[in-house]
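S.K.: Dropping the structure in here first, questions after.
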Amino acid sequence: MGHREYLAEAAQLATESVENGWGGPFGAVITHDGEVIARGQNRVLLTADPTAHGEVEAIRKAIQYLNPDAPTVSEEHQNEYTLELVPRPEGSPDVLPERARMLQGCSIYTSGAPCPMCMSAIYWARIEAVYYSCDWKATEEIGFSDDFQYEDFQRPPDQRSISLQQMYPELGAQAYQAWQDKPNHHPY
C-alpha cells in the first residue's frame, strides 16, 4: 500500500463516521513500516467527547497496539514498547537528552488537515509525518475553522479568549518537586 491507499482508507473512515452519525468527516490511519497499525474516526457526536477526533482516536489505538501490557505498565517495564527511552533527535530543541520513543517511526494519514488539538497530540506522540487529503480552506468551507485558535495561541495569556491565569504556584510545585525527587522518573 502507498500514500493514496492510506488516504483513501482515512477518507472511507471519515465517510463512515458521517453516515453513522458519529461525528464530522474526519478519519485517520497510522502506519509503521508500511503496515496499518491503527485507525480512528471522529466520534464526537457518538460520545459527546470533544476530544474524540479521528487522529486522537487513532493515536490511542496505536499506543494500545504497540503496548500489549497496557493499560497498566509497571515500573520495571517502563523502558519497553513506546516508553522505551531514546536519544533526543539531532537538532531537537528538547531540554532532555532522551525521552520515551512513543510513536517515532510512524506516519499518520488523515482525511483533513489536523486541528490544533490533533496536531498537538501528533507532536506529543512523536509521529514523524502527517499526510492529509483536504486542506484547512476546504475544512473551513464545510463549517470547521481553527483559525481563531491559532490566532488566540499567539496572544499573551491575559489577552486570550479563555481566561488563563496562574494561581497558587506553591500548590503545583509540590507535585513538580515529587517528580524531580523521584529517582527513577521516566521522561516522556
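Every chain in the C-alpha cells has a letter given in the order shown (A, B, ...), and although residue numbers restart at 1 in each chain, ligands are simply numbered from 1 in the order shown.
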Could you list, as a PDB file with N, CA and C atoms, in the first residue's frame, every residue within 9 Å of Val29 in chain A, counting only C-alpha atoms and ignoring same-chain residues fewer than 5 positions away?
M.R.:
ATOM      1  N   TYR A   6      -3.598   4.688   1.777  1.00  0.00           N
ATOM      2  CA  TYR A   6      -3.765   5.064   3.183  1.00  0.00           C
ATOM      3  C   TYR A   6      -4.732   6.241   3.311  1.00  0.00           C
ATOM      4  N   LEU A   7      -4.594   7.234   2.425  1.00  0.00           N
ATOM      5  CA  LEU A   7      -5.509   8.381   2.455  1.00  0.00           C
ATOM      6  C   LEU A   7      -6.926   7.958   2.075  1.00  0.00           C
ATOM      7  N   GLU A   9      -8.257   5.086   2.730  1.00  0.00           N
ATOM      8  CA  GLU A   9      -8.817   4.422   3.911  1.00  0.00           C
ATOM      9  C   GLU A   9      -9.240   5.457   4.955  1.00  0.00           C
ATOM     10  N   ALA A  10      -8.412   6.483   5.161  1.00  0.00           N
ATOM     11  CA  ALA A  10      -8.774   7.545   6.104  1.00  0.00           C
ATOM     12  C   ALA A  10     -10.069   8.234   5.659  1.00  0.00           C
ATOM     13  N   LEU A  13     -13.045   5.972   6.376  1.00  0.00           N
ATOM     14  CA  LEU A  13     -13.387   6.024   7.802  1.00  0.00           C
ATOM     15  C   LEU A  13     -14.153   7.309   8.115  1.00  0.00           C
ATOM     16  N   VAL A  36      -0.531  -0.800   8.414  1.00  0.00           N
ATOM     17  CA  VAL A  36      -1.509  -0.031   9.186  1.00  0.00           C
ATOM     18  C   VAL A  36      -1.584  -0.648  10.575  1.00  0.00           C
ATOM     19  N   ILE A  37      -1.310   0.172  11.597  1.00  0.00           N
ATOM     20  CA  ILE A  37      -1.368  -0.343  12.972  1.00  0.00           C
ATOM     21  C   ILE A  37      -2.558   0.217  13.742  1.00  0.00           C
ATOM     22  N   ALA A  38      -3.197   1.284  13.221  1.00  0.00           N
ATOM     23  CA  ALA A  38      -4.347   1.853  13.931  1.00  0.00           C
ATOM     24  C   ALA A  38      -5.197   2.674  12.983  1.00  0.00           C
ATOM     25  N   ARG A  39      -6.466   2.721  13.316  1.00  0.00           N
ATOM     26  CA  ARG A  39      -7.440   3.505  12.568  1.00  0.00           C
ATOM     27  C   ARG A  39      -8.277   4.286  13.567  1.00  0.00           C
ATOM     28  N   GLY A  40      -8.703   5.471  13.160  1.00  0.00           N
ATOM     29  CA  GLY A  40      -9.562   6.263  14.033  1.00  0.00           C
ATOM     30  C   GLY A  40     -10.549   7.059  13.213  1.00  0.00           C
ATOM     31  N   GLN A  41     -11.697   7.354  13.819  1.00  0.00           N
ATOM     32  CA  GLN A  41     -12.711   8.158  13.151  1.00  0.00           C
ATOM     33  C   GLN A  41     -13.292   9.123  14.166  1.00  0.00           C
ATOM     34  N   GLY A  54     -10.669  11.944  14.936  1.00  0.00           N
ATOM     35  CA  GLY A  54     -10.104  10.769  14.272  1.00  0.00           C
ATOM     36  C   GLY A  54      -8.637  10.556  14.585  1.00  0.00           C
ATOM     37  N   GLU A  55      -7.843  11.636  14.581  1.00  0.00           N
ATOM     38  CA  GLU A  55      -6.408  11.499  14.833  1.00  0.00           C
ATOM     39  C   GLU A  55      -6.133  11.047  16.268  1.00  0.00           C
ATOM     40  N   ALA A  58      -7.031   7.424  16.660  1.00  0.00           N
ATOM     41  CA  ALA A  58      -6.013   6.570  16.036  1.00  0.00           C
ATOM     42  C   ALA A  58      -4.758   6.500  16.899  1.00  0.00           C
ATOM     43  N   ILE A  59      -4.346   7.611  17.474  1.00  0.00           N
ATOM     44  CA  ILE A  59      -3.163   7.609  18.346  1.00  0.00           C
ATOM     45  C   ILE A  59      -3.399   6.691  19.538  1.00  0.00           C
ATOM     46  N   SER A 107       3.722   7.176  10.746  1.00  0.00           N
ATOM     47  CA  SER A 107       3.122   8.253   9.951  1.00  0.00           C
ATOM     48  C   SER A 107       1.621   8.212  10.178  1.00  0.00           C
ATOM     49  N   ILE A 108       0.977   9.368  10.017  1.00  0.00           N
ATOM     50  CA  ILE A 108      -0.478   9.424  10.136  1.00  0.00           C
ATOM     51  C   ILE A 108      -1.052  10.012   8.857  1.00  0.00           C
ATOM     52  N   TYR A 109      -2.122   9.407   8.395  1.00  0.00           N
ATOM     53  CA  TYR A 109      -2.844   9.835   7.194  1.00  0.00           C
ATOM     54  C   TYR A 109      -4.233  10.256   7.641  1.00  0.00           C
ATOM     55  N   THR A 110      -4.656  11.462   7.250  1.00  0.00           N
ATOM     56  CA  THR A 110      -5.940  11.976   7.698  1.00  0.00           C
ATOM     57  C   THR A 110      -6.762  12.494   6.519  1.00  0.00           C
TER      58      THR A 110
END
S.K.: List the neighbours of Ala100 in chain A out to 7 Å using only C-alpha atoms; skip same-chain residues closer than 5 positions along the sequence, and give me the result as a PyMOL selection string.
M.R.: chain A and resi 82-86+187-188
S.K.: Could you write out the selected residues, including N, CA, C and O atoms, as a short mmCIF file (atom, residue, chain, number, x, y, z; two decimals), in the first residue's frame?
M.R.:
data_model
loop_
_atom_site.label_atom_id
_atom_site.label_comp_id
_atom_site.auth_asym_id
_atom_site.auth_seq_id
_atom_site.Cartn_x
_atom_site.Cartn_y
_atom_site.Cartn_z
N THR A 82 6.44 1.66 23.65
CA THR A 82 6.50 3.07 23.28
C THR A 82 7.16 3.92 24.35
O THR A 82 7.49 5.07 24.09
N LEU A 83 7.36 3.39 25.54
CA LEU A 83 8.02 4.15 26.61
C LEU A 83 9.54 3.95 26.61
O LEU A 83 10.23 4.54 27.43
N GLU A 84 10.05 3.16 25.70
CA GLU A 84 11.49 2.96 25.60
C GLU A 84 12.19 4.31 25.44
O GLU A 84 11.80 5.14 24.60
N LEU A 85 13.22 4.55 26.25
CA LEU A 85 13.94 5.81 26.16
C LEU A 85 14.87 5.80 24.96
O LEU A 85 15.59 4.84 24.72
N VAL A 86 14.80 6.88 24.19
CA VAL A 86 15.65 7.02 23.00
C VAL A 86 16.32 8.39 23.06
O VAL A 86 15.80 9.33 23.66
N PRO A 187 11.16 10.12 31.70
CA PRO A 187 10.80 11.26 30.86
C PRO A 187 10.03 10.84 29.61
O PRO A 187 10.47 10.00 28.85
N TYR A 188 8.89 11.43 29.45
CA TYR A 188 8.09 11.17 28.26
C TYR A 188 7.79 12.45 27.57
O TYR A 188 7.41 12.58 26.51
#
S.K.: From range 96-132 of chain A, collect each residue whose DSSP state is strand (DSSP E or B) and return the set as a ChimeraX atom specification.
M.R.: /A:98-100,106-112,129-132
S.K.: Determine, counting only C-alpha atoms, which protein, DNA and RNA residues have an atom within 10 Å of an atom of Ala48 in chain A; residues of the same chain fewer than 5 positions away are not included. Present the result as a PyMOL selection string.
M.R.: chain A and resi 22-23+43
S.K.: Next, the residues of the selection above should be written as a PDB file, in the first residue's frame with all heavy atoms.
M.R.:
ATOM      1  N   TRP A  22     -21.786   9.524  13.762  1.00  0.00           N
ATOM      2  CA  TRP A  22     -20.832   9.516  14.877  1.00  0.00           C
ATOM      3  C   TRP A  22     -20.138  10.848  15.056  1.00  0.00           C
ATOM      4  O   TRP A  22     -19.719  11.194  16.146  1.00  0.00           O
ATOM      5  CB  TRP A  22     -19.781   8.430  14.667  1.00  0.00           C
ATOM      6  CG  TRP A  22     -20.319   7.042  14.686  1.00  0.00           C
ATOM      7  CD1 TRP A  22     -21.501   6.620  15.237  1.00  0.00           C
ATOM      8  CD2 TRP A  22     -19.704   5.886  14.140  1.00  0.00           C
ATOM      9  NE1 TRP A  22     -21.652   5.264  15.056  1.00  0.00           N
ATOM     10  CE2 TRP A  22     -20.557   4.791  14.377  1.00  0.00           C
ATOM     11  CE3 TRP A  22     -18.513   5.667  13.457  1.00  0.00           C
ATOM     12  CZ2 TRP A  22     -20.259   3.501  13.990  1.00  0.00           C
ATOM     13  CZ3 TRP A  22     -18.204   4.372  13.060  1.00  0.00           C
ATOM     14  CH2 TRP A  22     -19.067   3.303  13.324  1.00  0.00           C
ATOM     15  N   GLY A  23     -19.927  11.574  13.948  1.00  0.00           N
ATOM     16  CA  GLY A  23     -19.211  12.843  14.030  1.00  0.00           C
ATOM     17  C   GLY A  23     -18.895  13.381  12.657  1.00  0.00           C
ATOM     18  O   GLY A  23     -19.447  12.927  11.655  1.00  0.00           O
ATOM     19  N   ARG A  43     -15.669  10.664  16.515  1.00  0.00           N
ATOM     20  CA  ARG A  43     -16.786  10.092  17.269  1.00  0.00           C
ATOM     21  C   ARG A  43     -17.335  11.097  18.286  1.00  0.00           C
ATOM     22  O   ARG A  43     -17.847  10.713  19.334  1.00  0.00           O
ATOM     23  CB  ARG A  43     -16.346   8.803  17.957  1.00  0.00           C
ATOM     24  CG  ARG A  43     -16.052   7.701  16.942  1.00  0.00           C
ATOM     25  CD  ARG A  43     -15.500   6.455  17.580  1.00  0.00           C
ATOM     26  NE  ARG A  43     -15.217   5.487  16.532  1.00  0.00           N
ATOM     27  CZ  ARG A  43     -15.753   4.283  16.473  1.00  0.00           C
ATOM     28  NH1 ARG A  43     -16.575   3.883  17.399  1.00  0.00           N
ATOM     29  NH2 ARG A  43     -15.448   3.475  15.484  1.00  0.00           N
TER      30      ARG A  43
END
S.K.: Report as a PyMOL selection string all protein, DNA and RNA residues lying within 12 Å of His186 in chain A, evaluated on only C-alpha atoms, omitting residues in the same chain fewer than 2 positions from it.
M.R.: chain A and resi 74-80+83-86+96+98-101+179-184+188
S.K.: Within 12 Å of range 160-172 of chain A, counting only C-alpha atoms, which residues qualify if same-chain residues fewer than 5 places away don't, as number ranges by chain?
M.R.: A: 148-155, 177-179
S.K.: Go through A:Trp124, A:Tyr131, A:Phe26, A:Tyr176 one by one, measure the shortest atom-to-atom distance of each to Glu57 in chain A using only C-alpha atoms, and give the residue with the smallest value.
M.R.: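 Using only C-alpha atoms, the shortest distance to Glu57 in chain A belongs to A:Phe26.
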S.K.: What separation in Å, quoted to one decimal, exists between CA of Glu90 in chain A and CA of Ala129 in chain A?
M.R.: 16.8 Å
S.K.: Quote the spacing between CA of Gly91 in chain A and CA of Ala113 in chain A in Å to one decimal place.
M.R.: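 Interatomic distance here is 25.7 Å.
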S.K.: Which one of A:Ile142, A:Val18, A:Ile127, A:Val44 sits closest to His32 in chain A if you count only C-alpha atoms?
M.R.: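 Using only C-alpha atoms, His32 in chain A sits closest to A:Ile127.
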S.K.: Would you list, as a PyMOL selection string, the residues of range 1-185 of chain A that end up in alpha helix (DSSP H) under DSSP run on this structure's backbone?
M.R.: chain A and resi 3-19+44-47+54-66+116-125+136-141+147-153+169-181
S.K.: Could you work out how far CA of Arg88 in chain A lies from CA of Ala121 in chain A, giving the answer in Å with one decimal?
M.R.: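 A separation of 18.5 Å between them.
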S.K.: Using only C-alpha atoms, which residue out of A:Gly34, A:Gly27, A:Gly21, A:Pro157 lies closest to Gly2 in chain A?
M.R.: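 Among A:Gly34, A:Gly27, A:Gly21, A:Pro157, it is A:Gly34 that comes nearest to Gly2 in chain A.
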